Amino acid sequence: MIRSDIIKTLIPVLKDELVVCNIGLPSQELHMMGDQPSNFYMLGTMGLASSIGLGLALTQKERVIAIDGDGSILTNLGTLPTIANNVADNFILLIIDNGSYGSTGDQATYAGKKTSLAAVASACGCDTVIECQAEDTAATLQAAKDSGKMTIIVAKCESGNIPVPVIELDGPVIKHRFMEEVKRKNA
Amino acid sequence: MSVSDQIVDSLVRNKVEFVTTVPCKQLGDVIDGCEAHPDIMHVPSNKEDEGMGLCAGAWMGGKRPAIIMQNTAIGVTVNTLSSLTQFYNMPLPMIISYRGEIGERVAIQAEMAVHTKPLLAQLGIQTYHFHEPDDIRDLDSILNHTYMTRKPTAVLTDSNFWGGY
């Protein structure tokens with residue numbers, strides 16, 4: 001399975017959830033397969049999906065799922081200690097780890113070599129870290145939702161991409177409809 | 001009352017409930033004040049762009065955010081200010097220790113000092129420079145203006161404002 005196969009299996013599990021999605025193809029795939037107003041597509045700041053997700057989880061009560069990639073986590077590796085030390089049990093970080101920078105042409109990342117992001121997350125102090133295989137991702141995410149505990153999931157999959165259209169929504173439109181969902185769910 | 005205490009008071013008075021910080025020696029008392037105040041959630045960042053991500057999430061979560069950092073961070077965060085804070089129309093007060101100005105003792109600090117205002121101007125970021133301790137009187141209005149405009153705002157606080165090194 002490649003990342004887009006995982007995202008396809010996640011759509012029912014993500015329904016009506018507050019989702020903060022990673023730059024590039026992950027957001028484009030999520031937008032194509034399961035657009036909803038409670039998706040925040042982070043379009044231009046590689047590495048910050050987990051930070052945005054944590055900030056959101058710490059400041060309101062509804063569950064937040066951040067979908068990130070191995071390359072983006074490596075870009076903002078400082079996010080993991082911040083997450084570990086500011087526990088938000090309404091926060092799930094799903095790292096889809098295909099061992100490559102998918103959006104830029106599948107260049108290899110160090111996560112596909114010697115570096116284990118699950119081990120890094122644990123070393124940073126994250127209490128619940130689960131590494132799973134691609135086909136088990138949806139079930140693992142559902143279990144993390146049910147647990148009510150802050151969870152870091154590292155889902156291992158193959159490298160590769162499918163053709164997807166770019167997202168043509170304006171930034172303030174993405175933000176506005178997302179914030180309306182945050183308000184509605186917290187009301 | 002010290003300028004540090006006045007900054008924390010202004011944040012609280014303006015309902016700034018989420019503050020992230022990357023340390024600078026000059027900002028030490030402000031950071032301690034944020035950490036200690038019951039009305040402020042203080043989440044330290046490892047790098048300023050990470051902090052701006054946290055602030056974006058906090059804003060969408062319904063809280064007024066602010067970041068406290070050194071001016072060298074402007075060099076770190078150009079893309080984030082442009083592609084996150086500005087692209088999505090989010091407010092972000094940045095209370096910045098302006099190192100490398102008159103009175104500075106560490107020569108290298110002047111290198112980013114000379115780029116700070118040109119970078120902010122190039123980014124079209126509304127910028128205020130606190131040089132005298134009394135300049136603090138404008139902070140309430142600046143915070144209010146920042147949230148009203150949904151834009152990032154830089155408040156540069158130089159050595160003279162802090163009473164020298």
# chains A, B, ... in the order shown; residues from 1 in each chain; ligands from 1

call {"tool": "residues_around", "arguments": {"residues": "stretch 69-71 of chain B", "least_positions_apart": "3", "cutoff": "7 Å", "atoms": "only C-alpha atoms", "output": "ChimeraX atom specification"}}
result
/B:21-24,74,95-99,116

call {"tool": "interface_residues", "arguments": {"of": "chain A", "to": "chain B", "cutoff": "7 Å", "atoms": "only C-alpha atoms", "output": "MDAnalysis selection string"}}
result
chainID A and resid 44:45 48 51:56 59:60 78:79 82 171:172 175 179 182

call {"tool": "residues_around", "arguments": {"residues": "B:Val12", "least_positions_apart": "4", "cutoff": "8 Å", "atoms": "only C-alpha atoms", "output": "list in words"}}
result
Val8, Val16, Glu17, Asp39 and Ile40 of chain B

call {"tool": "closest_residue", "arguments": {"among": "A:Phe178, A:Tyr101, A:Tyr110, A:Phe91", "to": "A:Leu141", "atoms": "only C-alpha atoms"}}
result
A:Phe91

call {"tool": "atom_distance", "arguments": {"atom1": "atom CA of B:Leu139", "atom2": "atom CA of B:Ile102"}}
result
22.3 Å

call {"tool": "residues_around", "arguments": {"residues": "A:Lys113", "least_positions_apart": "2", "cutoff": "12 Å", "atoms": "only C-alpha atoms", "output": "ChimeraX atom specification"}}
result
/A:70,97-100,107-111,115-117

call {"tool": "write_last_selection", "arguments": {"atoms": "N, CA and C atoms", "output": "PDB file, in the first residue's frame"}}
result
ATOM      1  N   ASP A  70       6.660  11.375   7.245  1.00  0.00           N
ATOM      2  CA  ASP A  70       7.981  11.195   7.850  1.00  0.00           C
ATOM      3  C   ASP A  70       8.902  12.365   7.501  1.00  0.00           C
ATOM      4  N   ASP A  97       4.416   7.070   7.167  1.00  0.00           N
ATOM      5  CA  ASP A  97       5.866   6.974   6.943  1.00  0.00           C
ATOM      6  C   ASP A  97       6.132   6.090   5.721  1.00  0.00           C
ATOM      7  N   ASN A  98       6.329   6.758   4.594  1.00  0.00           N
ATOM      8  CA  ASN A  98       6.645   6.011   3.373  1.00  0.00           C
ATOM      9  C   ASN A  98       8.134   6.081   3.028  1.00  0.00           C
ATOM     10  N   GLY A  99       8.912   6.597   3.984  1.00  0.00           N
ATOM     11  CA  GLY A  99      10.361   6.623   3.794  1.00  0.00           C
ATOM     12  C   GLY A  99      10.811   7.540   2.675  1.00  0.00           C
ATOM     13  N   SER A 100       9.928   8.475   2.287  1.00  0.00           N
ATOM     14  CA  SER A 100      10.331   9.350   1.177  1.00  0.00           C
ATOM     15  C   SER A 100       9.605  10.684   1.229  1.00  0.00           C
ATOM     16  N   GLN A 107      12.151  11.367  -3.123  1.00  0.00           N
ATOM     17  CA  GLN A 107      13.528  11.262  -2.608  1.00  0.00           C
ATOM     18  C   GLN A 107      13.485  10.571  -1.244  1.00  0.00           C
ATOM     19  N   ALA A 108      14.512   9.759  -0.969  1.00  0.00           N
ATOM     20  CA  ALA A 108      14.521   8.994   0.284  1.00  0.00           C
ATOM     21  C   ALA A 108      14.683   9.914   1.491  1.00  0.00           C
ATOM     22  N   THR A 109      13.968   9.590   2.592  1.00  0.00           N
ATOM     23  CA  THR A 109      14.217  10.272   3.875  1.00  0.00           C
ATOM     24  C   THR A 109      15.032   9.345   4.763  1.00  0.00           C
ATOM     25  N   TYR A 110      15.592   9.897   5.823  1.00  0.00           N
ATOM     26  CA  TYR A 110      16.334   9.077   6.778  1.00  0.00           C
ATOM     27  C   TYR A 110      15.409   8.125   7.547  1.00  0.00           C
ATOM     28  N   ALA A 111      14.101   8.458   7.588  1.00  0.00           N
ATOM     29  CA  ALA A 111      13.163   7.552   8.262  1.00  0.00           C
ATOM     30  C   ALA A 111      13.040   6.233   7.500  1.00  0.00           C
ATOM     31  N   THR A 115      16.765   5.608  10.728  1.00  0.00           N
ATOM     32  CA  THR A 115      16.069   6.342  11.785  1.00  0.00           C
ATOM     33  C   THR A 115      14.643   5.839  11.980  1.00  0.00           C
ATOM     34  N   SER A 116      14.307   5.464  13.203  1.00  0.00           N
ATOM     35  CA  SER A 116      12.950   5.031  13.532  1.00  0.00           C
ATOM     36  C   SER A 116      12.209   6.181  14.193  1.00  0.00           C
ATOM     37  N   LEU A 117      11.174   6.690  13.535  1.00  0.00           N
ATOM     38  CA  LEU A 117      10.425   7.803  14.123  1.00  0.00           C
ATOM     39  C   LEU A 117       9.666   7.372  15.377  1.00  0.00           C
TER      40      LEU A 117
END

call {"tool": "closest_residue", "arguments": {"among": "B:Ala107, B:Val155, B:Ile142, B:Val19", "to": "B:Thr127", "atoms": "only C-alpha atoms"}}
result
B:Val155

call {"tool": "atom_distance", "arguments": {"atom1": "atom CA of A:Leu10", "atom2": "atom CA of A:Met32"}}
result
13.0 Å

call {"tool": "residues_around", "arguments": {"residues": "A:Ile95", "least_positions_apart": "6", "cutoff": "8 Å", "atoms": "only C-alpha atoms", "output": "list of chain:residue names"}}
result
A:Ile67, A:Asp68, A:Gly69, A:Asp70, A:Ile73, A:Ile152, A:Ile153, A:Val154, A:Ala155

call {"tool": "atom_distance", "arguments": {"atom1": "atom CA of A:Asn161", "atom2": "atom CA of A:Thr9"}}
result
15.6 Å

call {"tool": "select_by_dssp", "arguments": {"residues": "chain A", "states": "alpha helix (DSSP H)", "output": "NGL selection string"}}
result
:A and (3-14 or 25-34 or 49-59 or 70-75 or 79-85 or 117-124 or 137-147 or 171-186)

call {"tool": "select_by_dssp", "arguments": {"residues": "stretch 92-135 of chain A", "states": "strand (DSSP E or B)", "output": "CSV table (one decimal) with C-alpha atoms, in the first residue's frame"}}
result
chain,number,residue,atom,x,y,z
A,92,ILE,CA,-3.7,12.0,17.8
A,93,LEU,CA,-0.7,12.4,15.5
A,94,LEU,CA,-0.7,10.0,12.6
A,95,ILE,CA,2.6,9.9,10.8
A,96,ILE,CA,2.3,8.2,7.4
A,97,ASP,CA,5.9,7.0,6.9
A,100,SER,CA,10.3,9.4,1.2
A,101,TYR,CA,9.6,13.0,0.3
A,107,GLN,CA,13.5,11.3,-2.6
A,108,ALA,CA,14.5,9.0,0.3
A,129,VAL,CA,3.5,5.4,20.4
A,130,ILE,CA,2.3,2.8,18.1
A,131,GLU,CA,4.0,1.6,14.9
A,132,CYS,CA,1.7,-0.2,12.5
A,133,GLN,CA,1.7,-1.6,9.0
